[in-house]
$ cat input_34.cif   # mmCIF, C-alpha atoms
data_coords
loop_
_atom_site.label_atom_id
_atom_site.label_comp_id
_atom_site.auth_asym_id
_atom_site.auth_seq_id
_atom_site.Cartn_x
_atom_site.Cartn_y
_atom_site.Cartn_z
CA MET A 19 64.11 75.76 102.47
CA GLY A 20 65.25 75.67 106.06
CA ILE A 21 66.75 78.40 108.22
CA ASP A 22 70.50 78.84 108.24
CA ILE A 23 70.98 78.32 111.97
CA ALA A 24 74.69 79.22 112.04
CA LYS A 25 74.22 82.57 110.27
CA HIS A 26 70.64 83.24 111.37
CA HIS A 27 71.13 86.65 112.98
CA VAL A 28 74.20 87.81 111.05
CA LYS A 29 73.84 91.31 109.66
CA LYS A 30 75.51 92.51 106.50
CA GLY A 31 78.58 94.62 107.19
CA ASN A 32 78.04 97.11 104.38
CA ARG A 33 76.74 100.54 105.25
CA THR A 34 73.33 101.53 103.94
CA ALA A 35 73.58 105.12 105.17
CA PRO A 36 76.40 107.38 106.36
CA LYS A 37 77.25 107.47 110.09
CA SER A 38 77.81 111.20 109.82
CA GLU A 39 75.03 113.65 110.68
CA ASP A 40 76.38 116.35 108.37
CA PRO A 41 73.21 117.82 106.79
CA TYR A 42 74.98 118.61 103.49
CA LEU A 43 76.23 115.04 103.18
CA LEU A 44 72.74 113.72 103.96
CA LEU A 45 71.30 115.90 101.19
CA LEU A 46 73.88 114.51 98.75
CA VAL A 47 72.93 110.99 99.84
CA LYS A 48 69.26 111.80 99.21
CA LEU A 49 70.11 113.10 95.73
CA TYR A 50 72.32 110.16 94.73
CA ARG A 51 69.90 107.63 96.25
CA PHE A 52 67.28 109.03 93.88
CA LEU A 53 69.68 108.95 90.90
CA ALA A 54 70.85 105.41 91.72
CA ARG A 55 67.23 104.24 91.85
CA ARG A 56 65.90 106.07 88.82
CA THR A 57 68.83 105.71 86.41
CA ASP A 58 70.39 102.39 85.44
CA SER A 59 73.85 103.87 85.87
CA ALA A 60 76.48 102.02 87.91
CA PHE A 61 78.28 105.37 88.37
CA ASN A 62 75.51 106.73 90.63
CA LYS A 63 75.44 103.52 92.70
CA THR A 64 79.21 103.79 93.17
CA ILE A 65 79.04 107.45 94.22
CA LEU A 66 76.21 106.65 96.66
CA HIS A 67 78.20 103.81 98.23
CA ARG A 68 81.31 105.99 98.58
CA LEU A 69 79.28 108.72 100.29
CA PHE A 70 78.46 106.19 103.05
CA LEU A 71 82.11 105.42 103.81
CA SER A 72 84.07 106.50 106.87
CA LYS A 73 86.73 109.18 106.55
CA ILE A 74 89.54 106.60 106.60
CA ASN A 75 87.93 104.88 103.62
CA ARG A 76 87.58 108.20 101.75
CA PRO A 77 91.28 109.07 101.53
CA PRO A 78 92.37 112.39 99.98
CA ILE A 79 93.76 112.55 96.46
CA SER A 80 96.42 115.07 95.44
CA LEU A 81 96.51 117.17 92.29
CA SER A 82 99.70 115.41 91.20
CA ARG A 83 98.03 111.98 91.42
CA ILE A 84 95.00 113.26 89.50
CA VAL A 85 97.30 114.53 86.74
CA LYS A 86 99.32 111.27 86.74
CA GLU A 87 96.28 108.97 86.65
CA THR A 88 94.54 110.94 83.88
CA SER A 89 97.62 111.69 81.75
CA ASP A 90 96.83 108.94 79.23
CA ALA A 91 93.06 109.64 79.14
CA THR A 92 91.84 110.72 75.74
CA ASP A 93 90.33 114.21 75.59
CA ARG A 94 90.88 114.94 79.31
CA ASP A 95 89.83 118.61 78.92
CA SER A 96 86.23 117.68 78.10
CA LYS A 97 85.91 115.12 80.91
CA VAL A 98 85.02 115.70 84.56
CA ILE A 99 87.35 114.05 87.10
CA VAL A 100 85.32 112.84 90.10
CA SER A 101 86.58 111.99 93.58
CA VAL A 102 84.36 111.28 96.60
CA GLY A 103 86.77 112.79 99.11
CA THR A 104 89.13 115.73 99.46
CA VAL A 105 91.33 117.05 96.67
CA THR A 106 94.62 118.36 98.07
CA ASP A 107 97.43 120.46 96.63
CA ASP A 108 100.90 119.09 95.87
CA VAL A 109 103.73 121.64 95.79
CA ARG A 110 105.91 119.17 93.86
CA LEU A 111 103.59 119.53 90.86
CA LEU A 112 104.93 122.60 89.10
CA VAL A 113 102.41 122.99 86.26
CA VAL A 114 98.71 122.22 86.76
CA PRO A 115 96.90 121.50 83.48
CA LYS A 116 93.36 122.72 82.81
CA LEU A 117 91.11 120.31 84.75
CA THR A 118 87.44 120.04 85.64
CA VAL A 119 87.29 118.33 89.03
CA ALA A 120 84.24 117.36 91.10
CA ALA A 121 84.81 116.37 94.74
CA LEU A 122 83.29 116.48 98.22
CA ARG A 123 85.74 119.21 99.22
CA PHE A 124 88.91 120.95 98.08
CA THR A 125 91.73 122.43 100.11
CA ALA A 126 92.08 126.19 99.54
CA ALA A 127 95.42 125.84 97.74
CA ALA A 128 94.17 123.04 95.46
CA LYS A 129 91.07 125.01 94.48
CA GLU A 130 93.15 128.12 93.82
CA ARG A 131 95.60 126.26 91.56
CA ILE A 132 92.86 124.53 89.55
CA LEU A 133 91.05 127.84 88.96
CA LYS A 134 94.31 129.65 88.13
CA ALA A 135 95.04 127.06 85.42
CA GLY A 136 91.68 127.90 83.81
CA GLY A 137 90.01 124.79 85.22
CA GLU A 138 86.82 124.32 87.17
CA THR A 139 85.91 122.92 90.61
CA LEU A 140 82.48 121.36 91.05
CA THR A 141 80.56 120.03 94.02
CA LEU A 142 78.86 116.65 93.67
CA ASP A 143 75.38 118.22 93.38
CA GLN A 144 76.62 120.40 90.48
CA LEU A 145 78.00 117.22 88.93
CA ALA A 146 74.57 115.57 89.21
CA LEU A 147 73.09 118.39 87.13
CA ARG A 148 75.87 118.25 84.57
CA ALA A 149 76.24 114.46 84.25
CA PRO A 150 73.24 112.68 85.84
CA THR A 151 74.42 109.27 84.59
CA GLY A 152 78.16 109.92 84.97
CA SER A 153 78.87 110.19 81.26
CA ASN A 154 82.22 111.76 80.29
CA THR A 155 83.60 111.38 83.81
CA ILE A 156 86.73 109.77 85.25
CA LEU A 157 86.15 108.34 88.73
CA LEU A 158 89.25 108.32 90.96
CA ARG A 159 90.02 107.61 94.61
CA GLY A 160 93.01 108.18 96.86
CA LYS A 161 95.29 105.50 98.30
CA ARG A 162 94.02 104.02 101.56
CA ASN A 163 97.23 102.54 102.85
CA THR A 164 99.45 105.61 102.80
CA ARG A 165 98.31 106.75 106.26
CA GLU A 166 101.01 107.03 108.91
CA ALA A 167 99.11 104.57 111.16
CA VAL A 168 99.25 101.81 108.51
CA LYS A 169 103.06 101.80 108.62
CA HIS A 170 102.90 100.41 112.19
CA PHE A 171 100.36 97.61 111.53
CA GLY A 172 101.58 94.03 112.04
CA MET A 173 104.51 94.98 114.25
CA GLY A 174 106.60 92.09 115.57
CA PRO A 175 110.00 90.41 115.27
CA HIS A 176 111.28 89.99 111.69
CA LYS A 177 108.35 92.06 110.39
CA HIS A 178 110.25 95.26 109.50
CA LYS A 179 107.34 97.49 110.46
CA LYS A 180 107.74 101.00 111.79
CA PRO A 181 108.08 100.96 115.60
CA HIS A 182 106.20 103.45 117.78
CA THR A 183 109.31 105.32 118.95
CA ILE A 184 109.50 108.60 120.83
CA SER A 185 112.61 109.57 118.90
CA LYS A 186 115.14 108.14 116.47
CA GLY A 187 118.17 108.91 118.64
CA ARG A 188 121.00 106.83 120.12
CA LYS A 189 119.06 105.87 123.27
CA PHE A 190 115.85 104.69 121.57
CA GLU A 191 115.28 101.09 120.41
CA ARG A 192 119.00 100.38 119.96
CA ALA A 193 119.47 97.65 122.61
CA ARG A 194 119.32 93.80 122.54
CA GLY A 195 117.86 92.55 119.31
CA ARG A 196 118.54 95.74 117.44
CA ARG A 197 122.31 95.56 116.85
CA LYS A 198 125.05 92.93 116.73
CA SER A 199 127.09 94.55 119.50
CA ARG A 200 124.21 94.21 121.99
CA GLY A 201 123.64 90.47 122.03
CA PHE A 202 121.97 89.83 118.70
CA LYS A 203 120.36 91.56 115.75
CA VAL A 204 116.90 90.59 114.55
#

$ encode --input "input_34.cif" --output "structure tokens"
Amino acid sequence: MGIDIAKHHVKKGNRTAPKSEDPYLLLLVKLYRFLARRTDSAFNKTILHRLFLSKINRPPISLSRIVKETSDATDRDSKVIVSVGTVTDDVRLLVVPKLTVAALRFTAAAKERILKAGGETLTLDQLALRAPTGSNTILLRGKRNTREAVKHFGMGPHKHKKPHTISKGRKFERARGRRKSRGFKV
């Protein structure tokens, strides 16, 4: 066996610890590091990895999406829905069913609506006590590419991406290349 000269000093890109110095997050990491090591459960390894992620890679998930994604799950009432991120409210969802949700954090309105529907909100350390191996859980995550910033990525001619415009009025981005009457339209 020789040394791979080309990739000799290349580090792995995956995080092995969170960048954040939040003491509560670090305690959760300590707990799930223990569970990932001592149980042969892939669930705990997944939770541990997701705790390391940056905020952009831990997108929020709304109550409406939780309800939609778990609508066809059998016996949803007895299962715990887990999300390593924030659970947010959605005013378009008129009726919230009885749910047991475990997450890093909840917005005030989301927590209120879950509790009002007779459901339960858990923190991830409470989840570790209740389901140390992740049995009877449904693991969900929010959509990463619904951020406003993502709509602008890859901007260029013929790309149909969202331009960084001050306003959407008559005087903004309506000149050459934007309409037939001003030379040409892309």

$ residues_around --input "input_34.cif" --residues "A:Gly174" --least-positions-apart "6" --cutoff "12 Å" --atoms "all atoms listed in the file" --output "list in words"
Lys180, Pro181, His182, Gly195 and Val204 of chain A

$ resolve_selection --input "input_34.cif" --expression "the PyMOL selection byres ((chain A and resi 110) around 12)" --output "list in words"
Ser80, Leu81, Ser82, Arg83, Asp107, Asp108, Val109, Leu111, Leu112, Val113 and Val114 of chain A

$ atom_distance --input "input_34.cif" --atom1 "atom CA of A:Leu147" --atom2 "atom CA of A:Leu44"
17.5 Å

$ axis_aligned_box --input "input_34.cif" --around "stretch 26-45 of chain A" --padding-each-side "4 Å" --output "AutoDock Vina command-line options"
--center_x 74.6 --center_y 100.9 --center_z 107.1 --size_x 15.9 --size_y 43.4 --size_z 19.8

$ atom_distance --input "input_34.cif" --atom1 "atom CA of A:Gln144" --atom2 "atom CA of A:Asp90"
25.8 Å

$ closest_residue --input "input_34.cif" --among "A:Leu66, A:Leu53, A:Ala128, A:Val102" --to "A:Ala149" --atoms "all atoms listed in the file"
A:Leu53

$ residues_around --input "input_34.cif" --residues "A:Thr104" --least-positions-apart "2" --cutoff "9 Å" --atoms "all atoms listed in the file" --output "PyMOL selection string"
chain A and resi 76-80+101-102+106+121-125+160

$ build_atoms --input "input_34.cif" --residues "stretch 66-77 of chain A" --atoms "all heavy atoms" --output "PDB file, in the coordinates of the input"
ATOM      1  N   LEU A  66      77.057 106.797  95.464  1.00  0.00           N
ATOM      2  CA  LEU A  66      76.210 106.650  96.660  1.00  0.00           C
ATOM      3  C   LEU A  66      76.927 105.805  97.713  1.00  0.00           C
ATOM      4  O   LEU A  66      76.996 106.196  98.880  1.00  0.00           O
ATOM      5  CB  LEU A  66      74.878 106.003  96.284  1.00  0.00           C
ATOM      6  CG  LEU A  66      73.909 105.752  97.439  1.00  0.00           C
ATOM      7  CD1 LEU A  66      73.469 107.070  98.074  1.00  0.00           C
ATOM      8  CD2 LEU A  66      72.697 104.970  96.983  1.00  0.00           C
ATOM      9  N   HIS A  67      77.501 104.680  97.283  1.00  0.00           N
ATOM     10  CA  HIS A  67      78.200 103.810  98.230  1.00  0.00           C
ATOM     11  C   HIS A  67      79.389 104.531  98.859  1.00  0.00           C
ATOM     12  O   HIS A  67      79.625 104.425 100.066  1.00  0.00           O
ATOM     13  CB  HIS A  67      78.679 102.544  97.526  1.00  0.00           C
ATOM     14  CG  HIS A  67      79.559 101.690  98.383  1.00  0.00           C
ATOM     15  ND1 HIS A  67      79.086 101.032  99.492  1.00  0.00           N
ATOM     16  CD2 HIS A  67      80.885 101.425  98.335  1.00  0.00           C
ATOM     17  CE1 HIS A  67      80.089 100.390 100.076  1.00  0.00           C
ATOM     18  NE2 HIS A  67      81.195 100.610  99.383  1.00  0.00           N
ATOM     19  N   ARG A  68      80.124 105.286  98.049  1.00  0.00           N
ATOM     20  CA  ARG A  68      81.310 105.990  98.580  1.00  0.00           C
ATOM     21  C   ARG A  68      80.931 107.126  99.520  1.00  0.00           C
ATOM     22  O   ARG A  68      81.712 107.496 100.392  1.00  0.00           O
ATOM     23  CB  ARG A  68      82.168 106.502  97.424  1.00  0.00           C
ATOM     24  CG  ARG A  68      82.866 105.355  96.707  1.00  0.00           C
ATOM     25  CD  ARG A  68      83.847 105.837  95.677  1.00  0.00           C
ATOM     26  NE  ARG A  68      84.308 104.730  94.841  1.00  0.00           N
ATOM     27  CZ  ARG A  68      85.142 104.858  93.836  1.00  0.00           C
ATOM     28  NH1 ARG A  68      85.622 106.055  93.523  1.00  0.00           N
ATOM     29  NH2 ARG A  68      85.507 103.815  93.123  1.00  0.00           N
ATOM     30  N   LEU A  69      79.739 107.682  99.361  1.00  0.00           N
ATOM     31  CA  LEU A  69      79.280 108.720 100.290  1.00  0.00           C
ATOM     32  C   LEU A  69      79.017 108.147 101.685  1.00  0.00           C
ATOM     33  O   LEU A  69      79.066 108.862 102.682  1.00  0.00           O
ATOM     34  CB  LEU A  69      77.998 109.384  99.760  1.00  0.00           C
ATOM     35  CG  LEU A  69      78.152 110.345  98.586  1.00  0.00           C
ATOM     36  CD1 LEU A  69      76.795 110.726  98.034  1.00  0.00           C
ATOM     37  CD2 LEU A  69      78.927 111.591  98.969  1.00  0.00           C
ATOM     38  N   PHE A  70      78.722 106.847 101.752  1.00  0.00           N
ATOM     39  CA  PHE A  70      78.460 106.190 103.050  1.00  0.00           C
ATOM     40  C   PHE A  70      79.730 105.951 103.841  1.00  0.00           C
ATOM     41  O   PHE A  70      79.675 105.751 105.048  1.00  0.00           O
ATOM     42  CB  PHE A  70      77.805 104.815 102.833  1.00  0.00           C
ATOM     43  CG  PHE A  70      76.447 104.836 102.197  1.00  0.00           C
ATOM     44  CD1 PHE A  70      75.939 103.688 101.605  1.00  0.00           C
ATOM     45  CD2 PHE A  70      75.672 105.985 102.186  1.00  0.00           C
ATOM     46  CE1 PHE A  70      74.683 103.683 101.030  1.00  0.00           C
ATOM     47  CE2 PHE A  70      74.416 105.992 101.593  1.00  0.00           C
ATOM     48  CZ  PHE A  70      73.919 104.835 101.016  1.00  0.00           C
ATOM     49  N   LEU A  71      80.879 105.912 103.189  1.00  0.00           N
ATOM     50  CA  LEU A  71      82.110 105.420 103.810  1.00  0.00           C
ATOM     51  C   LEU A  71      82.632 106.336 104.912  1.00  0.00           C
ATOM     52  O   LEU A  71      82.342 107.535 104.938  1.00  0.00           O
ATOM     53  CB  LEU A  71      83.195 105.236 102.744  1.00  0.00           C
ATOM     54  CG  LEU A  71      82.898 104.209 101.651  1.00  0.00           C
ATOM     55  CD1 LEU A  71      84.032 104.176 100.647  1.00  0.00           C
ATOM     56  CD2 LEU A  71      82.660 102.827 102.231  1.00  0.00           C
ATOM     57  N   SER A  72      83.428 105.735 105.796  1.00  0.00           N
ATOM     58  CA  SER A  72      84.070 106.500 106.870  1.00  0.00           C
ATOM     59  C   SER A  72      85.190 107.341 106.269  1.00  0.00           C
ATOM     60  O   SER A  72      85.605 107.117 105.135  1.00  0.00           O
ATOM     61  CB  SER A  72      84.646 105.541 107.906  1.00  0.00           C
ATOM     62  OG  SER A  72      85.628 104.726 107.309  1.00  0.00           O
ATOM     63  N   LYS A  73      85.704 108.270 107.055  1.00  0.00           N
ATOM     64  CA  LYS A  73      86.730 109.180 106.550  1.00  0.00           C
ATOM     65  C   LYS A  73      88.007 108.434 106.151  1.00  0.00           C
ATOM     66  O   LYS A  73      88.654 108.786 105.168  1.00  0.00           O
ATOM     67  CB  LYS A  73      87.050 110.250 107.602  1.00  0.00           C
ATOM     68  CG  LYS A  73      87.826 111.410 107.023  1.00  0.00           C
ATOM     69  CD  LYS A  73      88.001 112.523 108.019  1.00  0.00           C
ATOM     70  CE  LYS A  73      88.805 113.656 107.410  1.00  0.00           C
ATOM     71  NZ  LYS A  73      89.127 114.689 108.389  1.00  0.00           N
ATOM     72  N   ILE A  74      88.341 107.393 106.901  1.00  0.00           N
ATOM     73  CA  ILE A  74      89.540 106.600 106.600  1.00  0.00           C
ATOM     74  C   ILE A  74      89.390 105.928 105.231  1.00  0.00           C
ATOM     75  O   ILE A  74      90.350 105.785 104.488  1.00  0.00           O
ATOM     76  CB  ILE A  74      89.788 105.558 107.714  1.00  0.00           C
ATOM     77  CG1 ILE A  74      90.419 106.244 108.918  1.00  0.00           C
ATOM     78  CG2 ILE A  74      90.658 104.403 107.239  1.00  0.00           C
ATOM     79  CD1 ILE A  74      90.590 105.393 110.127  1.00  0.00           C
ATOM     80  N   ASN A  75      88.172 105.543 104.905  1.00  0.00           N
ATOM     81  CA  ASN A  75      87.930 104.880 103.620  1.00  0.00           C
ATOM     82  C   ASN A  75      87.613 105.872 102.492  1.00  0.00           C
ATOM     83  O   ASN A  75      87.294 105.451 101.382  1.00  0.00           O
ATOM     84  CB  ASN A  75      86.807 103.850 103.756  1.00  0.00           C
ATOM     85  CG  ASN A  75      87.241 102.679 104.603  1.00  0.00           C
ATOM     86  OD1 ASN A  75      88.392 102.252 104.527  1.00  0.00           O
ATOM     87  ND2 ASN A  75      86.354 102.172 105.429  1.00  0.00           N
ATOM     88  N   ARG A  76      87.685 107.162 102.791  1.00  0.00           N
ATOM     89  CA  ARG A  76      87.580 108.200 101.750  1.00  0.00           C
ATOM     90  C   ARG A  76      88.868 109.010 101.757  1.00  0.00           C
ATOM     91  O   ARG A  76      88.875 110.192 102.092  1.00  0.00           O
ATOM     92  CB  ARG A  76      86.399 109.150 102.035  1.00  0.00           C
ATOM     93  CG  ARG A  76      85.046 108.597 101.719  1.00  0.00           C
ATOM     94  CD  ARG A  76      83.958 109.646 101.860  1.00  0.00           C
ATOM     95  NE  ARG A  76      83.654 109.991 103.249  1.00  0.00           N
ATOM     96  CZ  ARG A  76      84.049 111.097 103.857  1.00  0.00           C
ATOM     97  NH1 ARG A  76      84.773 111.991 103.224  1.00  0.00           N
ATOM     98  NH2 ARG A  76      83.726 111.335 105.108  1.00  0.00           N
ATOM     99  N   PRO A  77      89.998 108.382 101.394  1.00  0.00           N
ATOM    100  CA  PRO A  77      91.280 109.070 101.530  1.00  0.00           C
ATOM    101  C   PRO A  77      91.390 110.236 100.544  1.00  0.00           C
ATOM    102  O   PRO A  77      90.734 110.229  99.498  1.00  0.00           O
ATOM    103  CB  PRO A  77      92.307 107.991 101.204  1.00  0.00           C
ATOM    104  CG  PRO A  77      91.574 107.013 100.379  1.00  0.00           C
ATOM    105  CD  PRO A  77      90.157 107.043 100.829  1.00  0.00           C
TER     106      PRO A  77
END
